[in-house]
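Asker: To be precise about what I am sending: the file is called data_24.txt and holds compact mmCIF, C-alpha atoms.
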```
# COMPACT_ATOMS: atom_id res chain seq x y z
CA MET A 69 -26.06 -32.12 -6.96
CA LYS A 70 -25.20 -28.48 -6.69
CA LYS A 71 -25.76 -28.68 -2.94
CA ILE A 72 -23.47 -31.66 -2.50
CA ALA A 73 -20.85 -29.92 -4.57
CA HIS A 74 -21.02 -27.00 -2.17
CA LEU A 75 -20.19 -29.21 0.78
CA ILE A 76 -16.78 -30.11 -0.60
CA MET A 77 -16.26 -27.19 -2.92
CA LEU A 78 -15.24 -23.69 -2.00
CA SER A 79 -17.36 -20.81 -3.11
CA CYS A 80 -15.70 -18.33 -5.47
CA ARG A 81 -15.72 -15.80 -2.68
CA LYS A 82 -13.77 -18.13 -0.42
CA ALA A 83 -11.52 -19.28 -3.27
CA THR A 84 -10.47 -15.72 -4.12
CA GLU A 85 -9.84 -15.13 -0.43
CA LEU A 86 -7.46 -18.09 -0.37
CA ILE A 87 -5.82 -16.88 -3.58
CA GLU A 88 -4.95 -13.66 -1.76
CA LYS A 89 -4.07 -15.45 1.45
CA GLN A 90 -1.45 -17.61 -0.28
CA PHE A 91 0.51 -14.46 -1.19
CA VAL A 92 0.96 -13.50 2.45
CA ALA A 93 0.66 -16.73 4.44
CA LYS A 94 1.11 -20.45 4.04
CA LEU A 95 -2.08 -22.31 3.16
CA SER A 96 -2.91 -25.48 5.05
CA LEU A 97 -2.92 -28.73 3.13
CA LYS A 98 -6.71 -28.74 3.16
CA GLU A 99 -6.87 -25.21 1.85
CA ARG A 100 -4.43 -26.00 -0.94
CA VAL A 101 -6.39 -29.06 -2.04
CA GLN A 102 -9.68 -27.14 -1.90
CA LEU A 103 -8.27 -24.24 -3.87
CA ASN A 104 -6.73 -26.42 -6.57
CA LEU A 105 -9.93 -28.41 -6.91
CA HIS A 106 -11.90 -25.20 -7.23
CA LYS A 107 -9.60 -23.71 -9.84
CA SER A 108 -9.68 -26.90 -11.90
CA ILE A 109 -13.35 -26.34 -12.59
CA CYS A 110 -13.69 -22.57 -12.32
CA ASP A 111 -12.41 -20.44 -15.19
CA ALA A 112 -13.38 -17.20 -13.47
CA CYS A 113 -11.26 -17.82 -10.38
CA THR A 114 -8.38 -19.09 -12.53
CA ALA A 115 -8.53 -15.82 -14.49
CA TYR A 116 -8.75 -13.94 -11.20
CA GLU A 117 -5.61 -15.59 -9.90
CA ASN A 118 -3.64 -14.81 -13.05
CA GLN A 119 -4.75 -11.20 -12.92
CA SER A 120 -4.04 -10.95 -9.23
CA ARG A 121 -0.49 -12.21 -9.82
CA LEU A 122 -0.10 -9.67 -12.59
CA LEU A 123 -1.25 -6.97 -10.16
CA ASN A 124 1.32 -8.11 -7.60
CA ASP A 125 3.97 -7.79 -10.24
CA LEU A 126 2.81 -4.39 -11.43
CA LEU A 127 2.53 -3.00 -7.90
CA GLN A 128 5.97 -4.23 -7.00
CA LYS A 129 7.53 -2.73 -10.10
CA GLN A 130 5.60 0.49 -9.70
CA ALA A 131 7.34 0.80 -6.34
CA SER A 132 10.78 0.92 -7.90
CA ILE A 133 9.78 3.84 -10.07
CA THR A 134 10.78 6.89 -8.05
CA PRO A 135 8.35 9.75 -7.86
CA ASP A 136 9.02 12.80 -10.01
CA GLN A 137 12.41 14.34 -9.60
CA ILE A 138 12.67 16.83 -6.78
CA THR A 139 13.91 20.10 -8.17
CA GLU A 140 16.67 22.23 -6.71
CA GLN A 141 14.12 24.99 -6.12
CA GLU A 142 11.84 22.64 -4.27
CA ASN A 143 14.65 21.58 -1.99
CA GLU A 144 15.60 25.18 -1.28
CA ALA A 145 11.98 26.05 -0.49
CA LEU A 146 11.77 23.03 1.79
CA LYS A 147 14.88 24.08 3.70
CA ALA A 148 13.74 27.67 4.03
CA ASN A 149 10.37 26.55 5.30
CA LEU A 150 11.93 24.09 7.75
CA LEU A 151 14.20 26.74 9.23
CA LYS A 152 11.23 29.07 9.58
CA GLN A 153 8.97 26.46 11.23
CA LEU A 154 11.44 24.87 13.60
CA PRO A 155 11.73 26.27 17.12
CA LEU A 156 15.32 27.43 16.80
CA ASP A 157 16.59 30.33 18.84
CA MET B 30 22.08 31.28 18.46
CA SER B 31 22.78 28.35 20.78
CA ASP B 32 25.09 25.49 19.81
CA LYS B 33 22.10 23.20 19.59
CA SER B 34 20.27 25.48 17.18
CA ARG B 35 23.40 25.93 15.11
CA ILE B 36 23.88 22.17 14.79
CA ILE B 37 20.23 21.55 13.91
CA LYS B 38 20.45 24.24 11.28
CA GLU B 39 23.51 22.54 9.83
CA TRP B 40 21.64 19.26 9.75
CA VAL B 41 18.73 20.83 7.91
CA ASN B 42 21.13 22.14 5.30
CA SER B 43 23.05 18.88 4.96
CA TYR B 44 20.42 16.17 5.28
CA SER B 45 16.91 17.47 4.61
CA ASP B 46 17.20 16.82 0.84
CA ARG B 47 17.84 13.14 1.29
CA MET B 48 15.25 12.83 4.04
CA TYR B 49 12.63 14.50 1.91
CA SER B 50 13.35 12.32 -1.09
CA TRP B 51 13.23 9.20 1.12
CA ALA B 52 9.92 10.23 2.68
CA LEU B 53 8.51 11.04 -0.74
CA HIS B 54 9.60 7.69 -2.10
CA ARG B 55 7.86 5.91 0.75
CA THR B 56 4.64 7.92 0.88
CA ASN B 57 4.33 9.18 -2.68
CA ASN B 58 2.81 12.38 -1.34
CA ARG B 59 4.71 15.66 -1.25
CA GLU B 60 2.74 17.32 1.52
CA VAL B 61 2.93 14.27 3.73
CA ALA B 62 6.66 13.90 3.04
CA GLU B 63 7.25 17.52 3.95
CA ASP B 64 5.28 17.18 7.20
CA LEU B 65 7.15 14.02 8.15
CA VAL B 66 10.53 15.66 7.63
CA GLN B 67 9.41 18.61 9.73
CA ASP B 68 8.14 16.28 12.48
CA THR B 69 11.45 14.47 12.39
CA PHE B 70 13.42 17.65 13.01
CA ILE B 71 11.06 18.70 15.80
CA ALA B 72 11.60 15.30 17.44
CA ALA B 73 15.35 15.68 16.90
CA ILE B 74 15.31 19.05 18.66
CA GLN B 75 13.35 17.57 21.56
CA SER B 76 15.61 14.59 22.06
CA PHE B 77 18.81 16.31 20.99
CA GLU B 78 20.45 15.58 24.33
CA LYS B 79 20.02 11.85 23.75
CA PHE B 80 21.92 11.93 20.49
CA GLU B 81 25.42 12.01 22.02
CA GLY B 82 27.08 11.55 18.66
CA LYS B 83 27.18 7.76 18.93
CA SER B 84 26.06 7.41 15.33
CA GLU B 85 26.17 9.58 12.26
CA PRO B 86 23.58 12.37 12.49
CA GLN B 87 22.14 11.21 9.19
CA THR B 88 21.62 7.67 10.51
CA TRP B 89 19.99 9.01 13.63
CA LEU B 90 17.69 11.35 11.68
CA LEU B 91 16.69 8.65 9.18
CA GLY B 92 15.85 6.37 12.10
CA ILE B 93 13.47 8.98 13.49
CA LEU B 94 12.05 9.58 10.03
CA ASN B 95 11.35 5.87 9.56
CA ASN B 96 9.44 5.83 12.85
CA LYS B 97 7.42 8.80 11.66
CA ILE B 98 6.64 7.05 8.38
CA ALA B 99 5.51 3.90 10.22
CA GLY B 100 3.37 6.10 12.47
CA TYR B 101 1.83 7.72 9.42
CA TYR B 102 0.79 4.34 8.03
CA ARG B 103 -0.59 3.23 11.40
CA LYS B 104 -2.70 6.35 11.52
CA GLN B 105 -3.91 5.86 7.96
CA TYR B 106 -4.83 2.35 8.89
CA ARG B 107 -6.71 3.21 12.09
CA ASN B 108 -8.52 6.30 10.88
CA PRO B 109 -9.32 5.46 7.32
CA VAL B 110 -10.31 8.26 5.02
CA ILE B 111 -12.93 6.73 2.79
CA SER B 112 -12.50 8.11 -0.67
CA ALA B 113 -15.44 8.75 -2.94
CA GLY B 114 -16.77 5.75 -4.79
CA SER B 115 -15.25 3.12 -2.54
CA ALA B 116 -16.67 0.90 0.10
CA GLY B 117 -17.50 2.44 3.45
CA SER B 118 -16.35 0.84 6.65
CA ASP B 119 -19.82 -0.42 7.53
CA GLY B 120 -20.37 -1.40 3.92
CA GLU B 121 -17.90 -4.28 4.06
CA ASN B 122 -20.57 -6.81 3.24
CA ASP B 123 -22.16 -4.57 0.67
CA PHE B 124 -18.77 -4.32 -0.90
CA LEU B 125 -18.33 -8.10 -1.20
CA ASN B 126 -21.96 -8.42 -2.32
CA THR B 127 -21.25 -6.36 -5.39
CA PHE B 128 -18.84 -9.11 -6.45
CA PHE B 129 -20.44 -12.28 -5.08
CA ASN B 130 -24.02 -13.47 -4.65
CA SER B 131 -25.35 -15.01 -1.45
CA ASN B 132 -23.93 -18.42 -2.44
CA GLY B 133 -20.51 -16.90 -2.82
CA GLU B 134 -20.56 -17.28 -6.59
CA TRP B 135 -19.36 -14.46 -8.82
CA GLN B 136 -22.10 -12.04 -9.78
CA LEU B 137 -22.74 -12.58 -13.47
CA HIS B 138 -21.34 -9.27 -14.69
CA GLU B 139 -18.34 -9.48 -12.33
CA ARG B 140 -16.99 -12.85 -13.45
CA PRO B 141 -13.34 -12.38 -14.40
CA SER B 142 -12.30 -13.53 -17.82
CA ALA B 143 -8.80 -13.44 -19.22
CA TRP B 144 -7.41 -10.07 -20.24
CA THR B 145 -6.28 -10.19 -23.81
CA ASP B 146 -4.01 -7.14 -23.74
CA ASP B 147 -0.26 -7.57 -23.92
CA THR B 148 0.90 -7.06 -20.35
CA ALA B 149 4.66 -7.33 -20.84
CA ASN B 150 5.56 -3.64 -21.03
CA LEU B 151 2.63 -2.06 -19.28
CA LEU B 152 4.69 -0.01 -16.86
CA ASP B 153 6.58 1.67 -19.70
CA ASP B 154 3.27 3.14 -20.70
CA ALA B 155 2.77 6.41 -18.81
CA ALA B 156 -0.98 6.31 -19.47
CA PHE B 157 -1.16 2.96 -17.70
CA THR B 158 0.87 3.98 -14.66
CA THR B 159 -1.39 7.02 -14.33
CA GLU B 160 -4.48 4.77 -14.34
CA LEU B 161 -2.86 2.42 -11.82
CA GLN B 162 -2.09 5.35 -9.54
CA LYS B 163 -5.64 6.68 -9.88
CA CYS B 164 -7.07 3.27 -9.04
CA MET B 165 -4.86 3.08 -5.96
CA ASP B 166 -5.95 6.54 -4.87
CA ARG B 167 -9.55 5.34 -4.94
CA LEU B 168 -8.87 2.70 -2.29
CA PRO B 169 -9.90 3.55 1.27
CA SER B 170 -6.77 4.76 3.05
CA ASN B 171 -6.49 1.73 5.35
CA TRP B 172 -6.59 -0.66 2.40
CA LEU B 173 -4.09 1.50 0.57
CA ALA B 174 -1.79 1.42 3.60
CA ALA B 175 -1.93 -2.39 3.61
CA VAL B 176 -1.22 -2.55 -0.12
CA ARG B 177 1.61 -0.04 0.02
CA LEU B 178 3.36 -1.77 2.89
CA LYS B 179 3.10 -5.14 1.18
CA TYR B 180 4.03 -4.31 -2.38
CA LEU B 181 5.75 -0.98 -2.35
CA GLU B 182 7.89 -1.69 0.65
CA ALA B 183 8.11 -5.44 0.24
CA GLN B 184 7.76 -5.92 3.97
CA LYS B 185 7.04 -9.29 5.50
CA ALA B 186 3.44 -9.95 6.47
CA GLU B 187 4.34 -10.38 10.16
CA THR B 188 6.14 -7.05 10.23
CA ILE B 189 3.20 -5.29 8.63
CA CYS B 190 0.70 -6.87 11.03
CA GLN B 191 2.88 -5.74 13.92
CA GLU B 192 3.32 -2.28 12.51
CA LEU B 193 -0.40 -1.84 11.91
CA GLY B 194 -1.46 -3.72 15.02
CA VAL B 195 -3.74 -6.04 13.07
CA ALA B 196 -4.44 -9.78 13.14
CA PRO B 197 -3.08 -11.72 10.14
CA THR B 198 -6.59 -12.79 9.15
CA ASN B 199 -7.82 -9.22 9.01
CA TYR B 200 -4.76 -8.29 7.07
CA TRP B 201 -5.17 -10.67 4.17
CA GLN B 202 -8.91 -10.17 4.10
CA MET B 203 -8.22 -6.50 3.64
CA LEU B 204 -5.76 -7.26 0.84
CA HIS B 205 -8.45 -9.46 -0.71
CA ARG B 206 -10.89 -6.56 -0.83
CA ALA B 207 -8.27 -4.12 -2.01
CA LYS B 208 -7.24 -6.44 -4.82
CA LEU B 209 -10.86 -7.03 -5.87
CA GLN B 210 -11.36 -3.29 -6.14
CA LEU B 211 -8.04 -2.63 -7.89
CA ARG B 212 -8.63 -5.43 -10.36
CA LYS B 213 -12.04 -4.12 -11.24
CA CYS B 214 -10.88 -0.53 -11.49
CA LEU B 215 -8.11 -1.48 -13.93
CA GLU B 216 -10.47 -3.66 -15.92
CA VAL B 217 -12.96 -0.81 -16.32
CA HIS B 218 -10.39 1.89 -17.02
CA TRP B 219 -7.80 -0.02 -18.97
CA PHE B 220 -8.17 -3.62 -19.96
CA LYS B 221 -11.64 -3.72 -21.43
CA LYS B 222 -11.65 -0.34 -23.12
```
What is this file in structure tokens?

Answerer:
Amino acid sequence: MKKIAHLIMLSCRKATELIEKQFVAKLSLKERVQLNLHKSICDACTAYENQSRLLNDLLQKQASITPDQITEQENEALKANLLKQLPLD
Amino acid sequence: MSDKSRIIKEWVNSYSDRMYSWALHRTNNREVAEDLVQDTFIAAIQSFEKFEGKSEPQTWLLGILNNKIAGYYRKQYRNPVISAGSAGSDGENDFLNTFFNSNGEWQLHERPSAWTDDTANLLDDAAFTTELQKCMDRLPSNWLAAVRLKYLEAQKAETICQELGVAPTNYWQMLHRAKLQLRKCLEVHWFKK
């Protein structure tokens, strides 16, 4: 039975691959059906997908947080260093 | 001092702040940002004659800087620095084998289960953002480049594949591995404490 199931069912490895693929590309109809079927009986991959979506969200929001403020001093040091390094006559 | 040198010097004084802050925002690395700004000015000196004042100097300089940033990511992608504790380039299968058995099923101790923590305000928590950053720093540099371009720069997949010179399939397979590792890292260091 397990073997027959494998013929029509995705493995978890493949399912998680498709979960990631759907975020960057369009899945084919077959892939979508396979993935949904898999998730309907696999709690682990369902949890994985939820967590992966959360990660997407966190990473995207993390991006809008600017790095630490650049200080005046740092900018002055940068300029001084630039003028020293650049081949200006 | 020649006119050219005088103008470049003026540009350094007027625009380097903004260029540096832009480069830092996009690379999240001070040394790299500083190098990229320096490279940009060197390129500007070399092709100064092509500038012709058709656009604002700032626009022209930022254009060069953006090319340098793209080049930086390409290089990161092609010559990955494998950080300690992550999968090596020839350990791709080993890497996946730590998560899945030979039938492609989750390894018993790797099976994801729901995280019970409240995730609504995670990013307001400085301790969490530090862990997230640490987990990202543990990714091999080519995976990190793929993740940064996708999520931190919100670029389209086609653009990223073009920029990195990679086939779409390789690209999302790389994201797959990166996400597996990130997920696990956060689970170990944050969610299941």

Asker: Within 7 Å of stretch 210-219 of chain B, counting all atoms listed in the file, which residues qualify if same-chain residues fewer than 3 places away don't, as a compact mmCIF listing (two decimals) with C-alpha atoms, keeping the file's coordinate frame?

Answerer:
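Final file, selection29.txt:
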```txt
# COMPACT_ATOMS: atom_id res chain seq x y z
CA LEU B 161 -2.86 2.42 -11.82
CA CYS B 164 -7.07 3.27 -9.04
CA MET B 165 -4.86 3.08 -5.96
CA ARG B 206 -10.89 -6.56 -0.83
CA ALA B 207 -8.27 -4.12 -2.01
CA LYS B 222 -11.65 -0.34 -23.12
```

Asker: If you take only C-alpha atoms and a cut-off of 6 Å, which residues of chain B touch chain A, and what are their nearest atom pairs and distances in Å to one decimal, in chain and number order, as a Markdown table?

Answerer:
```
| residue | atom | partner | partner_atom | distance |
| --- | --- | --- | --- | --- |
| B:Met30 | CA | A:Asp157 | CA | 5.6 |
| B:Ser34 | CA | A:Leu156 | CA | 5.3 |
| B:Gly133 | CA | A:Arg81 | CA | 4.9 |
| B:Glu134 | CA | A:Cys80 | CA | 5.1 |
| B:Arg140 | CA | A:Ala112 | CA | 5.7 |
| B:Pro141 | CA | A:Ala112 | CA | 4.9 |
| B:Ser142 | CA | A:Ala115 | CA | 5.5 |
| B:Ala143 | CA | A:Ala115 | CA | 5.3 |
| B:Tyr180 | CA | A:Gln128 | CA | 5.0 |
| B:Leu181 | CA | A:Ala131 | CA | 4.6 |
| B:Ala186 | CA | A:Val92 | CA | 5.9 |
| B:Trp201 | CA | A:Lys89 | CA | 5.6 |
| B:His205 | CA | A:Glu88 | CA | 5.6 |
```

Asker: Please write the residues from the selection above to a file, keeping C-alpha atoms, as a PDB file, in the coordinates of the input.

Answerer:
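result.pdb, freshly written:
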```pdb
ATOM      1  CA  MET B  30      22.080  31.280  18.460  1.00  0.00           C
ATOM      2  CA  SER B  34      20.270  25.480  17.180  1.00  0.00           C
ATOM      3  CA  GLY B 133     -20.510 -16.900  -2.820  1.00  0.00           C
ATOM      4  CA  GLU B 134     -20.560 -17.280  -6.590  1.00  0.00           C
ATOM      5  CA  ARG B 140     -16.990 -12.850 -13.450  1.00  0.00           C
ATOM      6  CA  PRO B 141     -13.340 -12.380 -14.400  1.00  0.00           C
ATOM      7  CA  SER B 142     -12.300 -13.530 -17.820  1.00  0.00           C
ATOM      8  CA  ALA B 143      -8.800 -13.440 -19.220  1.00  0.00           C
ATOM      9  CA  TYR B 180       4.030  -4.310  -2.380  1.00  0.00           C
ATOM     10  CA  LEU B 181       5.750  -0.980  -2.350  1.00  0.00           C
ATOM     11  CA  ALA B 186       3.440  -9.950   6.470  1.00  0.00           C
ATOM     12  CA  TRP B 201      -5.170 -10.670   4.170  1.00  0.00           C
ATOM     13  CA  HIS B 205      -8.450  -9.460  -0.710  1.00  0.00           C
TER      14      HIS B 205
END
```

Asker: Record the distance separating atom CA of B:Glu160 and atom CA of B:Lys221, expressed in Å with one decimal.

Answerer: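 For atom CA of B:Glu160 relative to atom CA of B:Lys221, the distance reads 13.2 Å.
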
Asker: Rounded to one decimal place, report the atom CA of B:Thr69-atom CA of B:Gln191 distance in Å.

Answerer: 22.0 Å

Asker: Pick the closest to B:Cys190 from B:Tyr44, B:Val66, B:Ala149, B:Tyr102: which is it, counting only C-alpha atoms?

Answerer: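 Closest to B:Cys190 of all the choices is B:Tyr102.
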
Asker: Please report the interatomic distance between atom CA of A:Ser96 and atom CA of B:Thr127 in Å with one decimal.

Answerer: 28.5 Å

Asker: Set the distance at 12 Å and use only C-alpha atoms: which residues neighbour B:Glu85 once local chain neighbours fewer than 5 positions away are removed? I'd like the list as a PyMOL selection string.

Answerer: chain B and resi 40+44+80+90-92

Asker: Work out where the centre of an axis-aligned box around every listed atom of stretch 122-127 of chain A lies and how long its edges are once 4 Å is added on each side; give both in Å to one decimal as AutoDock Vina command-line options.

Answerer:
```
--center_x 1.4 --center_y -6.3 --center_z -10.1 --size_x 13.2 --size_y 14.7 --size_z 13.0
```

Asker: Tell me which protein, DNA and RNA residues are within 12 Å of B:Gln105, counting all atoms listed in the file, leaving out same-chain ones fewer than 5 positions away, and put them as a list in words.

Answerer: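 So the residues in contact are Thr56, Val61, Ile98, Ala99, Gly100, Val110, Ile111, Leu168, Pro169, Ser170, Asn171, Trp172, Leu173, Ala174, Ala175, Val176, Arg177, Leu178, Glu192 and Leu193 of chain B.
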